[in-house]
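Listing of upload-v7.txt; format and content: compact mmCIF, C-alpha atoms (C1' of nucleotides).
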# COMPACT_ATOMS: atom_id res chain seq x y z
CA MET A 1 97.72 94.38 92.95
CA GLU A 2 94.09 94.81 93.66
CA SER A 3 92.32 93.80 90.53
CA SER A 4 92.18 90.51 88.71
CA PHE A 5 93.46 92.29 85.65
CA ALA A 6 96.68 93.21 87.36
CA ILE A 7 97.13 89.60 88.39
CA ILE A 8 96.99 88.23 84.89
CA ALA A 9 99.16 91.03 83.57
CA GLU A 10 102.18 88.99 84.62
CA PRO A 11 103.27 86.58 81.89
CA ASN A 12 104.52 83.92 84.25
CA ARG A 13 101.27 83.94 86.11
CA ARG A 14 99.36 83.54 82.90
CA ALA A 15 101.60 80.63 82.05
CA ILE A 16 100.85 79.05 85.38
CA LEU A 17 97.14 79.53 84.89
CA SER A 18 97.28 78.06 81.41
CA LEU A 19 99.14 75.09 82.76
CA LEU A 20 96.55 74.62 85.44
CA ALA A 21 93.82 74.82 82.83
CA SER A 22 94.67 71.34 81.70
CA SER A 23 94.80 69.79 85.13
CA GLU A 24 95.84 70.46 88.68
CA GLN A 25 99.57 70.54 89.36
CA THR A 26 102.00 70.56 92.25
CA VAL A 27 104.55 73.29 92.69
CA GLY A 28 107.24 70.97 91.46
CA ASP A 29 105.23 70.19 88.35
CA ILE A 30 104.92 73.84 87.52
CA GLU A 31 108.57 74.41 88.24
CA ARG A 32 109.59 71.75 85.78
CA HIS A 33 107.10 72.62 83.08
CA LEU A 34 107.80 76.32 83.06
CA ARG A 35 111.51 76.11 83.93
CA MET A 36 111.37 78.80 86.54
CA PRO A 37 112.87 78.74 90.02
CA GLN A 38 110.72 77.14 92.62
CA THR A 39 110.73 80.13 94.86
CA SER A 40 109.42 82.21 92.04
CA VAL A 41 106.68 79.73 91.34
CA SER A 42 105.66 79.73 94.95
CA LYS A 43 105.58 83.48 95.06
CA HIS A 44 103.36 83.72 92.03
CA LEU A 45 101.17 81.00 93.41
CA ARG A 46 100.77 82.95 96.58
CA VAL A 47 99.57 85.95 94.62
CA LEU A 48 97.22 83.77 92.62
CA ARG A 49 95.93 82.17 95.79
CA GLU A 50 95.34 85.41 97.63
CA SER A 51 93.52 86.82 94.65
CA GLY A 52 91.33 83.77 94.33
CA PHE A 53 92.62 82.43 91.02
CA VAL A 54 93.76 79.14 92.49
CA GLU A 55 93.31 77.05 95.57
CA ALA A 56 95.64 74.50 97.09
CA ARG A 57 95.09 71.21 98.77
CA ALA A 58 97.71 69.38 100.73
CA ASP A 59 98.97 66.03 99.56
CA ALA A 60 101.68 64.94 101.99
CA GLN A 61 104.39 67.56 101.74
CA ARG A 62 103.12 68.80 98.44
CA ARG A 63 100.55 71.33 97.55
CA VAL A 64 98.35 70.50 94.64
CA TYR A 65 97.05 73.61 92.97
CA ARG A 66 93.82 73.92 91.13
CA LEU A 67 92.00 76.68 89.32
CA ARG A 68 89.11 78.61 90.73
CA PRO A 69 86.75 80.18 88.23
CA GLU A 70 85.61 83.40 89.84
CA PRO A 71 88.35 85.89 88.99
CA LEU A 72 88.54 84.80 85.39
CA MET A 73 84.79 85.02 85.24
CA GLU A 74 85.11 88.58 86.33
CA VAL A 75 87.47 89.33 83.47
CA ASP A 76 85.15 87.55 81.12
CA ALA A 77 82.25 89.62 82.37
CA TRP A 78 84.16 92.83 81.84
CA LEU A 79 84.67 91.90 78.22
CA THR A 80 80.96 91.62 77.63
CA PRO A 81 80.24 95.20 76.51
CA PHE A 82 83.04 94.97 73.98
CA ARG A 83 82.06 91.76 72.31
CA ARG A 84 79.62 93.46 70.05
CA LEU A 85 82.65 94.98 68.37
CA TRP A 86 83.54 91.73 66.78
CA GLU A 87 80.66 89.36 67.27
CA SER A 88 78.80 90.99 64.43
CA HIS A 89 81.50 90.19 61.91
CA VAL A 90 82.73 86.80 62.90
CA ASP A 91 84.78 86.44 59.80
CA ALA A 92 86.95 89.35 60.87
CA LEU A 93 87.58 87.68 64.18
CA GLU A 94 88.65 84.45 62.62
CA ARG A 95 90.78 86.11 60.03
CA HIS A 96 92.53 88.08 62.71
CA LEU A 97 93.17 85.11 64.93
CA ASP A 98 94.37 83.09 62.00
CA ARG A 99 96.71 85.81 60.94
CA MET A 100 98.02 86.14 64.46
CA ALA A 101 98.56 82.43 64.69
CA GLN A 102 100.57 82.16 61.52
CA ALA A 103 102.31 85.43 62.15
CA ARG A 104 103.52 83.87 65.32
CA ALA A 105 104.51 80.69 63.55
CA GLN A 106 106.31 82.32 60.65
CA GLN A 107 107.22 85.92 60.90
CA GLN A 108 107.68 87.00 57.34
CA SER A 109 104.47 87.46 55.40
CA SER A 110 103.72 91.03 54.43
CA GLU A 111 100.08 90.92 53.66
CA THR A 112 97.95 93.44 51.91
CA SER A 113 95.97 94.48 54.94
CA PRO A 114 97.55 96.27 57.86
CA THR A 115 98.34 94.41 60.99
CA PRO A 116 97.05 95.60 64.38
CA ASN A 117 100.25 97.06 65.67
CA THR A 118 100.96 99.32 62.78
CA ILE A 119 100.36 102.36 64.91
CA ARG A 120 103.33 101.77 67.10
CA SER A 121 105.18 104.76 65.90
CA ASN A 122 106.68 106.79 68.62
CA LYS A 123 106.78 109.83 66.45
CA ILE A 124 103.23 109.54 65.34
CA ASN A 125 102.70 113.01 66.70
CA HIS A 126 99.32 114.26 65.84
CA SER A 127 99.55 114.23 62.16
CA HIS A 128 95.97 114.69 61.22
CA LYS A 129 96.31 112.47 58.25
CA ASN A 130 95.06 109.20 59.54
CA GLN A 131 97.62 106.71 60.52
CA ASN A 132 97.43 104.04 57.89
CA ARG A 133 93.76 103.41 58.46
CA PRO A 134 92.64 104.45 55.01
CA SER A 135 88.96 103.93 55.67
CA LYS A 136 87.83 107.34 56.78
CA LYS A 137 89.81 110.22 55.57
CA ASP A 138 88.36 113.52 56.59
CA ARG A 139 84.78 113.43 57.54
CA LYS A 140 83.44 116.64 58.88
CA ARG A 141 80.94 115.75 61.48
CA MET B 1 104.00 97.00 78.53
CA GLU B 2 104.02 94.67 75.63
CA SER B 3 101.01 92.53 76.24
CA SER B 4 97.40 93.50 76.00
CA PHE B 5 96.93 92.21 79.51
CA ALA B 6 99.33 94.72 80.91
CA ILE B 7 97.48 97.47 79.10
CA ILE B 8 94.13 96.70 80.67
CA ALA B 9 95.70 96.18 84.05
CA GLU B 10 95.47 99.93 84.58
CA PRO B 11 92.10 100.96 86.07
CA ASN B 12 91.97 104.32 84.31
CA ARG B 13 92.64 102.69 80.98
CA ARG B 14 89.86 100.22 81.57
CA ALA B 15 87.59 103.12 82.41
CA ILE B 16 88.52 104.82 79.16
CA LEU B 17 87.86 101.67 77.22
CA SER B 18 84.52 101.17 78.91
CA LEU B 19 83.60 104.70 78.08
CA LEU B 20 84.55 104.19 74.48
CA ALA B 21 82.48 101.04 74.40
CA SER B 22 79.35 103.14 74.26
CA SER B 23 80.52 105.49 71.56
CA GLU B 24 83.58 107.31 70.31
CA GLN B 25 84.76 110.25 72.39
CA THR B 26 87.11 113.15 72.21
CA VAL B 27 89.87 113.65 74.72
CA GLY B 28 87.86 116.38 76.37
CA ASP B 29 84.86 114.11 76.66
CA ILE B 30 86.89 111.51 78.43
CA GLU B 31 88.46 114.12 80.64
CA ARG B 32 85.06 115.33 81.77
CA HIS B 33 83.44 111.96 82.15
CA LEU B 34 86.21 110.39 84.14
CA ARG B 35 87.31 113.52 85.98
CA MET B 36 90.95 112.99 85.32
CA PRO B 37 93.52 115.50 84.15
CA GLN B 38 93.72 115.92 80.44
CA THR B 39 97.39 115.20 80.31
CA SER B 40 96.76 111.92 82.02
CA VAL B 41 94.01 111.06 79.57
CA SER B 42 96.26 111.78 76.66
CA LYS B 43 99.02 109.72 78.09
CA HIS B 44 96.78 106.73 78.58
CA LEU B 45 95.33 107.20 75.14
CA ARG B 46 98.78 107.10 73.70
CA VAL B 47 99.42 103.79 75.35
CA LEU B 48 96.09 102.49 74.14
CA ARG B 49 96.82 103.73 70.65
CA GLU B 50 100.25 102.21 70.46
CA SER B 51 98.94 98.90 71.67
CA GLY B 52 96.12 98.90 69.17
CA PHE B 53 93.19 99.25 71.54
CA VAL B 54 92.01 102.52 70.05
CA GLU B 55 92.49 104.62 66.98
CA ALA B 56 92.11 108.34 66.57
CA ARG B 57 90.77 110.47 63.83
CA ALA B 58 91.25 114.20 63.64
CA ASP B 59 88.36 116.57 63.82
CA ALA B 60 89.76 120.09 63.74
CA GLN B 61 91.87 120.44 66.84
CA ARG B 62 90.20 117.49 68.44
CA ARG B 63 91.02 113.86 68.33
CA VAL B 64 88.09 111.54 68.30
CA TYR B 65 88.98 108.17 69.73
CA ARG B 66 87.35 104.93 68.87
CA LEU B 67 87.81 101.34 69.88
CA ARG B 68 89.59 98.73 67.88
CA PRO B 69 88.59 95.15 68.51
CA GLU B 70 91.75 93.15 68.03
CA PRO B 71 93.53 93.39 71.41
CA LEU B 72 90.39 92.68 73.36
CA MET B 73 89.73 89.79 71.07
CA GLU B 74 93.10 88.48 72.02
CA VAL B 75 92.20 88.62 75.69
CA ASP B 76 88.91 86.98 74.94
CA ALA B 77 90.70 84.23 73.07
CA TRP B 78 93.05 83.63 75.97
CA LEU B 79 90.09 83.04 78.22
CA THR B 80 88.78 80.26 76.01
CA PRO B 81 90.48 77.31 77.70
CA PHE B 82 89.21 78.45 81.06
CA ARG B 83 85.57 78.86 80.20
CA ARG B 84 84.85 75.21 80.73
CA LEU B 85 85.45 75.90 84.39
CA TRP B 86 82.21 77.74 84.75
CA GLU B 87 80.18 77.12 81.66
CA SER B 88 79.19 73.76 83.02
CA HIS B 89 77.74 75.10 86.26
CA VAL B 90 75.87 78.20 85.31
CA ASP B 91 74.38 78.57 88.74
CA ALA B 92 77.75 79.28 90.29
CA LEU B 93 78.39 81.89 87.69
CA GLU B 94 75.17 83.69 88.33
CA ARG B 95 75.50 83.56 92.06
CA HIS B 96 78.95 84.99 91.88
CA LEU B 97 78.02 87.76 89.53
CA ASP B 98 75.02 88.63 91.62
CA ARG B 99 77.14 88.87 94.69
CA MET B 100 79.67 91.01 92.91
CA ALA B 101 76.95 93.26 91.61
CA GLN B 102 75.47 93.98 94.97
CA ALA B 103 78.86 94.22 96.57
CA ARG B 104 79.52 96.97 94.12
CA ALA B 105 76.14 98.58 94.70
CA GLN B 106 76.45 98.77 98.46
CA GLN B 107 80.07 99.12 99.25
CA GLN B 108 79.90 99.28 102.99
CA SER B 109 78.03 96.33 104.39
CA SER B 110 80.30 93.48 105.34
CA GLU B 111 78.29 90.46 104.45
CA THR B 112 76.63 88.35 107.07
CA SER B 113 77.09 84.81 105.87
CA PRO B 114 80.62 83.60 106.46
CA THR B 115 80.24 80.81 103.90
CA PRO B 116 79.86 81.94 100.36
CA ASN B 117 80.12 79.32 97.69
CA THR B 118 83.79 79.00 98.41
CA ILE B 119 83.34 75.84 100.43
CA ARG B 120 84.67 73.75 97.62
CA SER B 121 87.97 73.54 99.45
CA ASN B 122 86.74 70.91 101.84
CA LYS B 123 90.11 69.23 101.92
CA ILE B 124 92.90 69.46 104.37
CA ASN B 125 94.42 72.67 103.22
CA HIS B 126 96.36 73.69 106.25
CA SER B 127 97.42 76.92 104.75
CA HIS B 128 96.92 79.38 107.48
CA LYS B 129 95.87 82.74 106.32
CA ASN B 130 93.84 82.58 103.21
CA GLN B 131 90.84 80.46 103.78
CA ASN B 132 88.71 83.47 103.18
CA ARG B 133 88.59 85.28 99.95
CA PRO B 134 90.80 88.33 100.11
CA SER B 135 88.69 91.34 100.66
CA LYS B 136 88.72 93.52 97.65
CA LYS B 137 89.97 96.65 99.19
CA ASP B 138 90.59 98.18 95.85
CA ARG B 139 88.84 101.15 94.41
CA LYS B 140 91.06 103.87 95.63
CA ARG B 141 89.81 106.76 93.72
C1' DC C 1 98.39 138.06 59.07
C1' DA C 2 99.46 138.11 63.96
C1' DC C 3 97.59 137.02 68.09
C1' DG C 4 95.03 134.63 71.60
C1' DT C 5 92.42 130.67 72.85
C1' DA C 6 91.15 125.89 72.89
C1' DT C 7 92.56 121.32 72.44
C1' DA C 8 95.91 117.74 72.61
C1' DT C 9 100.48 115.72 73.12
C1' DT C 10 105.07 115.49 74.85
C1' DT C 11 108.83 115.81 78.21
C1' DC C 12 110.83 115.82 82.78
C1' DC C 13 110.90 114.19 87.37
C1' DG C 14 109.87 111.70 91.75
C1' DC C 15 107.90 107.89 93.82
C1' DG C 16 105.68 103.68 94.66
C1' DT C 17 105.53 98.95 93.62
C1' DG C 18 106.11 94.56 91.77
C1' DC C 19 109.50 91.24 89.81
C1' DG C 20 113.64 88.29 90.23
C1' DT C 21 117.42 86.24 92.75
C1' DA C 22 119.35 84.70 96.78
C1' DT C 23 118.94 83.31 101.46
C1' DA C 24 116.59 81.61 105.45
C1' DT C 25 112.95 79.09 107.67
C1' DA C 26 108.98 75.60 108.33
C1' DC C 27 107.24 71.15 107.62
C1' DA C 28 106.39 66.34 106.40
C1' DG C 29 108.24 61.84 105.29
C1' DA C 30 112.08 58.34 104.81
C1' DT D 1 117.85 62.68 112.24
C1' DC D 2 118.33 64.04 107.37
C1' DT D 3 116.16 65.23 102.93
C1' DG D 4 113.05 67.03 99.78
C1' DT D 5 109.50 70.34 99.34
C1' DA D 6 107.17 74.64 100.13
C1' DT D 7 106.90 79.26 101.91
C1' DA D 8 108.77 83.55 103.82
C1' DT D 9 112.07 87.39 103.93
C1' DA D 10 115.60 90.72 102.22
C1' DC D 11 117.57 93.32 98.71
C1' DG D 12 118.32 95.53 94.24
C1' DC D 13 116.35 97.17 90.21
C1' DA D 14 113.52 98.47 86.58
C1' DC D 15 109.29 100.43 85.10
C1' DG D 16 105.04 102.60 84.93
C1' DC D 17 101.94 106.10 86.91
C1' DG D 18 100.83 110.89 88.32
C1' DG D 19 101.70 115.84 88.20
C1' DA D 20 103.50 120.09 86.33
C1' DA D 21 105.32 122.61 82.73
C1' DA D 22 106.41 123.10 77.93
C1' DT D 23 105.31 122.39 73.06
C1' DA D 24 102.34 121.67 68.99
C1' DT D 25 98.27 122.35 66.13
C1' DA D 26 93.86 124.48 64.61
C1' DC D 27 90.41 127.86 64.78
C1' DG D 28 88.54 132.52 65.27
C1' DT D 29 88.92 137.42 65.52
C1' DG D 30 90.88 141.84 65.23
Is it possible to express this structure as structure tokens?
Amino acid sequence: MESSFAIIAEPNRRAILSLLASSEQTVGDIERHLRMPQTSVSKHLRVLRESGFVEARADAQRRVYRLRPEPLMEVDAWLTPFRRLWESHVDALERHLDRMAQARAQQQSSETSPTPNTIRSNKINHSHKNQNRPSKKDRKR
Amino acid sequence: MESSFAIIAEPNRRAILSLLASSEQTVGDIERHLRMPQTSVSKHLRVLRESGFVEARADAQRRVYRLRPEPLMEVDAWLTPFRRLWESHVDALERHLDRMAQARAQQQSSETSPTPNTIRSNKINHSHKNQNRPSKKDRKR
DNA sequence: CACGTATATTTCCGCGTGCGTATATACAGA
DNA sequence: TCTGTATATACGCACGCGGAAATATACGTG
């Protein structure tokens, strides 16, 4: 559980963080919003606290949790070398995010262009014919 | 293993991605650069392929791997609501990154000042054990 | 063409670890 | 004191990682 990346690998923790992004919350708030057992919330909060993602302040019996920026900044910094992959063609970014958004909303459109997870074949083997990326067939280097 | 976050939670996979950020590489290249067994490289590459992080093209017996932007874009997009946490105070960002940089450069000196910029928790906060930032004892390899 | 070599992927197995649920404990406020 | 709230502990379980061996594919050479 060392790295910040492992921390945000857990979906419930990401949900907690996203909830805290709007405003600080007590444990009970999170419990109700996310519909998860309080003991589970507290356990995740402990992990988030010990890894620096959140901090708590005491308000009577309650603990009010609030985000801390550093670990997410670290993730953001790690992404830096990769941004050039998509920052050059912004249109591709937006098209992808749009497609993901409406693919999540309505799961039926079969578009013309391939979707990102088309390579999820278990039996892909190493067929040297490119997996449905038609762009580069066989280029001899 | 569904989410992109779980994929990049693995340190070796992040290393592979970072290596691919510079340029495309064969499996053997990655094996040599990262000094990890080839079978392990292939296994991680499979995960990265099936989750859309990389794609492979065949060059004779070799597979040349290359990055695909979409999953990292997804991570980047998730970070969006949190960026307001640090984009307002740039100074804190830079101080933190500087400290992380030199903590990575010299990995043995325990720092002298007991008060980093973490003193924002000036409230009651009677939690007992985690006033201090958890020491990153990671980096096992 | 058969064979050996290089490269890459797959399969099998053991182990560590983190998650979830339930239970127990600490603490503050009425 | 009792009650709500928060944290800690114990246990079972699933899953992913690492390592070793086996399999697959392509190239070169005799």
Hey, what's within 12 Å of segment 6-18 of chain D if we count all atoms listed in the file and toss same-chain stuff fewer than 5 positions away? As a PyMOL selection string, please? (chain A and resi 26-28+31+38-46+56+58-64) or (chain B and resi 1+6-7+9-13+36-41+43-44+47+127-128) or (chain C and resi 13-28)
When you draw a straight line from atom CA of Leu20 of chain B to atom C1' of DG19 of chain D, how long is it in Å?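 Result for atom CA of Leu20 of chain B versus atom C1' of DG19 of chain D: 24.9 Å, one decimal.
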Would you kindly return, as a short mmCIF file (atom, residue, chain, number, x, y, z; two decimals) with C-alpha atoms, in the coordinates of the input, each protein, DNA or RNA residue with an atom no farther than 12 Å from any atom of Leu19 of chain A, considering all atoms listed in the file and excluding same-chain residues fewer than 5 positions away?
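Saved the output as selection-v5.cif:
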data_model
loop_
_atom_site.label_atom_id
_atom_site.label_comp_id
_atom_site.auth_asym_id
_atom_site.auth_seq_id
_atom_site.Cartn_x
_atom_site.Cartn_y
_atom_site.Cartn_z
CA ASN A 12 104.52 83.92 84.25
CA ARG A 13 101.27 83.94 86.11
CA ARG A 14 99.36 83.54 82.90
CA GLU A 24 95.84 70.46 88.68
CA GLN A 25 99.57 70.54 89.36
CA THR A 26 102.00 70.56 92.25
CA VAL A 27 104.55 73.29 92.69
CA ASP A 29 105.23 70.19 88.35
CA ILE A 30 104.92 73.84 87.52
CA GLU A 31 108.57 74.41 88.24
CA ARG A 32 109.59 71.75 85.78
CA HIS A 33 107.10 72.62 83.08
CA LEU A 34 107.80 76.32 83.06
CA VAL A 54 93.76 79.14 92.49
CA TYR A 65 97.05 73.61 92.97
CA ARG A 66 93.82 73.92 91.13
CA LEU A 67 92.00 76.68 89.32
CA PRO B 81 90.48 77.31 77.70
CA PHE B 82 89.21 78.45 81.06
#
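The space separating atom CA of Leu17 of chain A from atom CA of Pro69 of chain B comes to 24.2 Å.
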Distance cut-off 8 Å, counting only C-alpha atoms (C1' of nucleotides) - which residues of chain D neighbour chain B? Return them as a list of chain:residue names.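 Matching residues, ligands excluded from the count: D:DG18, D:DT25, D:DA26, D:DC27.
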With all atoms listed in the file as the counted atoms, please give the residues lying no more than 12 Å from DT1 of chain D, apart from itself and same-chain residues fewer than 2 positions off, as an mmCIF file with C-alpha atoms (C1' of nucleotides), keeping the file's coordinate frame.
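Result file follows (part.cif):
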data_model
loop_
_atom_site.group_PDB
_atom_site.id
_atom_site.type_symbol
_atom_site.label_atom_id
_atom_site.label_comp_id
_atom_site.auth_asym_id
_atom_site.auth_seq_id
_atom_site.Cartn_x
_atom_site.Cartn_y
_atom_site.Cartn_z
ATOM 1 C "C1'" DG C 29 108.240 61.840 105.290
ATOM 2 C "C1'" DA C 30 112.080 58.340 104.810
ATOM 3 C "C1'" DT D 3 116.160 65.230 102.930
#
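Rounded to one decimal, atom CA of Arg49 of chain A and atom CA of Glu87 of chain B lie 21.8 Å from each other.
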So that I can see what lies close to DC12 of chain C, please list as a PyMOL selection string the residues with an atom at most 12 Å from it, counting all atoms listed in the file and leaving out residues fewer than 6 positions away in the same chain. chain D and resi 19-22
Taking only C-alpha atoms (C1' of nucleotides) into account, which residues of chain C are within 9 Å of chain B, as a ChimeraX atom specification? /C:6-10
